[in-house]
Each structure stands twice: as structure tokens, then as C-alpha cells.
Amino acid sequence: MKLSGGFSIGQFIPGESYIHSLDPRCKIIGAFILFAAPFIAKSPYDFIPIAFALAAITRLARIKLGTVLRSGRPVVFLVALTIVLNVFWTPGRELARLGPLSITEEGVTLAFCVGLRLYFLVMLAALLMMTTSPMAFAGGLESILSPLAALKFPVSEMAMMMTIALRFIPTFFEETDKILKAQISRGADFESGGIIKRARAFIPVLVPLFVLVFARAENLAIAMESRGYVPGVPRSRLNPLVWAARETTSILCVIVFIIFTVLWNRYAPELISLWLGLL
Amino acid sequence: MAIAAEDVFYSYNAGTPAEHAALEGVSFSVERGERVSIVGHTGSGKSTLAQHLNLLLFPRSGSVSIDGVSSKPGSPDARELRRKVGLVFQYPETQFFAETARDEIRFAPSNWGMRGDDLDACVDEAADAAGIEPSLLDSNPFSMSGGQRRRVAIASVIAMKPDYLVLDEPTAGLDAAGVRGLERILSDIRARGLAVVQVTHDLESALAHSDRILVLERGRAVASGTPEEIAVFLADNPVQGLLMPPTARFAMGLRSRGIDVSVTSGVPELVSALEKAERPDE
């Protein structure tokens, strides 16, 4: 059985690159603006600038392109399913026929675009998480959402919950891995038998895991309370967030890129067709 | 009949940015009936090596064989080989899931198909070997003391009837009485013919109770030998995070002054050696 744990997709990769050193608010806002780009894309050509932008950010972040490309793995099944559905169920000019199903030109184009859209969205999100530590991410989000506190929205509590959750995800996987290995070494078999047998085999993993998680949560709550944490009470920040000129420049670059993408989408297909025609 | 690890290399998160080497060319062996300690600081690769001995991890290169048979990831024979090597994890009580100690101890043998009277006899035998009073067998393990829980965890592994018992930091979190009790249990288990491999950063315990010691530092084996040899080695070659016990340091000091004493001696032996040195005629 493949054990859990290890490096997970989208996990923070410590570094000292330009992207790493940006204020987390800048990265979150920038990422959300960039998320618009795949949605604006309407034809396969429209993904060319997005691919270049992604490669440029990856280079600036000093992360291997392969690592970012692999981050799309979890959605490969979803992408494949979307492609199949769009290829066979989109009406239009028929290219081929497989029994009762017809493959249309519009279907192929749509499938390609939807698949790429999903894949690029996941890679952008992964790039954000690879260059932003969980603590910085939660702090940035808290700061961005802070105006909502005026509407009695529990922003700081939400940010604390998110910080703790993000902090404990790797620990949770480590504990699961440890318990799985311990039960396997005592002969537990998670791979043979039917669904019910396999589900029952996980009881010796789930019970100690829940016990551990609740014990850890209780200890954490006590430790936080003993160190003066009170929900809702304003707290100072160890590393205050700083929005400098380079953060503004970075956001402006992202906005310029989005404007470029809109223009590209409007004129590029005609220009590319013209260029291909000249060739 | 032995577990043999040959030139084992292992990395966690291989092929990812978080890859780090845990074992780099480590060789190790233990024969039945031996008691061997693997010592090193936190992160030296002790636990990783222990998991290789139980075939929970497989080397990236090198080999691990149990009684001359090696296995591969996913191979069906790994499960049968694993039965020969009981592995007691660090803080093993965190794996408990059953409502009684008896059910917890039953878990491993029943996974290998043992049923009925054989299973009951096996549970009683394992409980006896681990020093668990019969009256405790129907208690909830979650309500037991730390020492009692540790004994239930050991019983739950030796109920598999392994030939080798590997314990990862078995004394972690136990008080002095618990540690002494555990030492007695491990001595008894060894007397039954099992090999005992103890993974520990407690050099004092390793020097006092082992036939051989393997010293790991940053994933590499830096020394291997008898407790006497290891103590002499560590006196000249300090290893990160391993502190020579005061008694061993004192014994080394006596030896440098010409007093013949073993570096693994306890306080009574050291006092006796000193008295003998002061009054050589007696």
C-alpha cells in the first residue's frame, strides 16, 4: 500500500526569490487577478500568453518548471472527464463519428480550452502556495479581509483557524503515516478483500487517529489559552506586513498582463491565421 | 539466520524539492539471540533504518534480507517476512484502537489467521512475556499508566511470535521505574531466543545492555562494534548529540590512570575498582 505523507502538491517551498519575498497580500491579490486570464481565454491560442506568464513567474520564483507542471496531477482525472464530456456532447460541425457519438470541431476546441483552463488554474494556485508559507498566507488573507470586521465578520478568528488548519495538515499526514505503518507492521491488510472488508480494515487507523487529533486539539487549546489568546481581542503582529513600491509594481504588471491578454484574445487569432497564411 | 542490511541508501520525498537523504550506504546485521542498539542523534536515520528492517520501507539502492530472503515493494512475500520482525514504534500506545488490552494484543495474531484457543493462548503468553498482569487484560488500555500501556504495545507485537524484535525509542516518555521494568522485559524476551534491536539516543542504556552498537550520524554509519569499542571510539570521536554517560567518562579517566575497569561498568563496579586501586593488598 502506498503510504501517505511526503511532499504534497502545492506545499510551500522555502526560498529567497523575488516572488517569495513579496508581501503575501500582493501575491494573493495578484493570483486572483491572474485567475481571470484562463477564463477570458476562448481559443487554444489564447493560452499562449498565459503559459508564458506562468513560466516567467516560475522562473522568478526559482522553482523548477517540472514541479509546477506536476502540481496539476490531482486534477488530471477531472480534466480528462471534462475533455471527454465536451468532445462528445458539444453540437457543431462533425469531424468524426464513434457509433451514436459524434466528435465536433467545436467540441474539440471547447474540450481543449476547458481542460487547459482547469490545469492553469490549479498550477497558478499551486504556485501561490509554493511561494507563500501557510502562516504568511493566513496573515495576508486576514489583512485583505480586515474591512469585513466592521460588519462583525470574525476575520481574526477565521484567520487563526486557517493558520492552525494549514499548520496541522502535514502533522496530520505524518500521524496517519505512522499509524498506518504501525498497523501494517502488525499484519493489517488494507489491500485485499471487498469494499466492506477494506473499510473495516481502516478502523484500527481511524480510531487512534481521532484520539490523537482530539488530544492534540485539546492540548493546543490549553496552550493557546495559557499564553493569553482570547478570540476576537486585537493582537499585534510579529512580522508586520509591508506593502512597498515593488508590490504596487507587481500588481500593475499583472493588470497590464490581463489587458494584454484581452487584446491578444481579440486580435491574435486573426494575426496568427494571417501569419500562417503568409507561410 | 539474521537480518542483513547491505549498503542501504534511502531518501524521503525522492524526486521532489523536499527530497532529503536519510540513509547513505548503511550496512547492519543482527542475528537471532543478539541484542543490538542503533544509536544516534535526532534525524540521524535510526527510525528509517528500523523501518527498513520491518520492510515498511525499501532501499532506493542496497538490500535488506531477512533470514536470507529479500523482498520488493508490493511483493506478497513482504507481509510474511514482516511477521518475522516485530516493530514497536516510538510511543506505540498511540496506535491503540481496541477497547481492552486483550483485544489490542489479539490484533496482530488474528491478522495472520490465528483463531480460538490458539489465539487465547498466544495472547496470554505475550502478556506474560511483556509482564502484564492477567487482571489488566480486560482493562481499557486508554485508562492505563504509561508503563502499562508500553507493555501492552510490546505484547501486541510479540504476540505475532516474531524472531526479531525492533523497538524504536522504547523508553521514551517512561519514568525511571518504567525504564527499569522495560529493561527486565527486554532481557526476558531476549532470553527466549529473540533478537532485540533497540533504536535509541540513550547511549547509557545502549552501552549497558547491548552486545553490539551501531552509531549513526546524518544517515551514515560512523562506528560499529562492542560497547567497549564504541565507548573508546566516542571518547576520541565525539558524535553530534551523543553524550558519553558520566560513568563511562569516569571509567575512561580511571583507565588513563592505569586502573583496569570496563567502560560499561556501573557505579558499584567503579567503586569496587577504585577501592581495589587504593588498597591493592586487600
# chains A, B, ... in the order shown; residues from 1 in each chain; ligands from 1
>>> residues_around(residues="A:Leu145", least_positions_apart="2", cutoff="12 Å", atoms="only C-alpha atoms", output="list in words")
Arg25, Ile28, Ile29, Ala138, Gly139, Gly140, Leu141, Glu142, Ser143, Pro147, Leu148, Ala149, Ala150, Leu151, Lys152, Phe153, Pro154, Val155, Ser156, Glu157, Met158 and Ala159 of chain A
>>> residues_around(residues="B:Asp175", least_positions_apart="5", cutoff="10 Å", atoms="only C-alpha atoms", output="number ranges by chain")
B: 146-147, 180-181
>>> write_last_selection(atoms="C-alpha atoms", output="mmCIF file, in the first residue's frame")
data_model
loop_
_atom_site.group_PDB
_atom_site.id
_atom_site.type_symbol
_atom_site.label_atom_id
_atom_site.label_comp_id
_atom_site.auth_asym_id
_atom_site.auth_seq_id
_atom_site.Cartn_x
_atom_site.Cartn_y
_atom_site.Cartn_z
ATOM 1 C CA GLY B 146 2.305 4.960 30.653
ATOM 2 C CA GLY B 147 4.371 1.914 31.659
ATOM 3 C CA ARG B 180 13.820 -0.430 34.717
ATOM 4 C CA GLY B 181 10.700 -2.564 34.212
#
>>> closest_atom_pairs(of="chain A", to="chain B", cutoff="8 Å", atoms="only C-alpha atoms", output="Markdown table")
| residue | atom | partner | partner_atom | distance |
| --- | --- | --- | --- | --- |
| A:Met1 | CA | B:Gly74 | CA | 7.0 |
| A:Gly6 | CA | B:Asn13 | CA | 5.3 |
| A:Phe7 | CA | B:Asn13 | CA | 5.7 |
| A:Ile13 | CA | B:Pro17 | CA | 7.3 |
| A:Thr67 | CA | B:Thr16 | CA | 7.3 |
| A:Ile179 | CA | B:Gln95 | CA | 5.8 |
| A:Lys181 | CA | B:Leu56 | CA | 6.7 |
| A:Ala182 | CA | B:Phe89 | CA | 6.7 |
| A:Gln183 | CA | B:Gln95 | CA | 7.4 |
| A:Ile184 | CA | B:Leu56 | CA | 7.9 |
| A:Ser185 | CA | B:Leu87 | CA | 6.5 |
| A:Arg186 | CA | B:Ala108 | CA | 4.8 |
| A:Gly187 | CA | B:Asn111 | CA | 5.4 |
| A:Ala188 | CA | B:Asn111 | CA | 6.1 |
| A:Asp189 | CA | B:Asn111 | CA | 7.7 |
| A:Ile203 | CA | B:Phe97 | CA | 7.7 |
| A:Pro204 | CA | B:Phe97 | CA | 5.5 |
| A:Val205 | CA | B:Gln95 | CA | 7.6 |
| A:Val207 | CA | B:Phe97 | CA | 5.3 |
| A:Pro208 | CA | B:Gln95 | CA | 5.5 |
| A:Leu212 | CA | B:Thr94 | CA | 7.1 |
>>> residues_around(residues="B:Arg255", least_positions_apart="5", cutoff="12 Å", atoms="only C-alpha atoms", output="ChimeraX atom specification")
/B:232,248-250,260-263,265,270,273-274,277
>>> closest_residue(among="B:Gly173, B:Gly40, B:Pro76, B:Gly258", to="B:Ser224", atoms="only C-alpha atoms")
B:Gly40
>>> residues_around(residues="B:Asp138", least_positions_apart="5", cutoff="10 Å", atoms="only C-alpha atoms", output="PyMOL selection string")
chain B and resi 99-103
>>> residues_around(residues="B:Pro245", least_positions_apart="4", cutoff="10 Å", atoms="only C-alpha atoms", output="list in words")
Asp202, Leu203, Glu204, Ser205, Leu207, Ala231, Arg249, Phe250, Ala251, Val263 and Thr264 of chain B
>>> write_last_selection(atoms="C-alpha atoms", output="compact mmCIF listing (two decimals), in the first residue's frame")
# COMPACT_ATOMS: atom_id res chain seq x y z
CA ASP B 202 20.28 6.95 25.19
CA LEU B 203 23.92 5.90 25.00
CA GLU B 204 23.98 4.85 28.65
CA SER B 205 21.26 2.26 28.05
CA LEU B 207 26.33 0.65 26.48
CA ALA B 231 32.88 3.88 24.17
CA ARG B 249 33.65 9.08 31.22
CA PHE B 250 34.73 8.27 34.77
CA ALA B 251 35.79 4.77 33.73
CA VAL B 263 33.92 1.50 30.29
CA THR B 264 30.48 -0.10 30.52
>>> closest_residue(among="B:His41, B:His20, B:Arg106, B:Arg32", to="B:Ala126", atoms="only C-alpha atoms")
B:Arg106
>>> select_by_dssp(residues="stretch 22-255 of chain B", states="alpha helix (DSSP H)", output="number ranges by chain")
B: 46-53, 77-84, 101-111, 116-129, 146-158, 176-191, 203-209, 227-236, 246-255
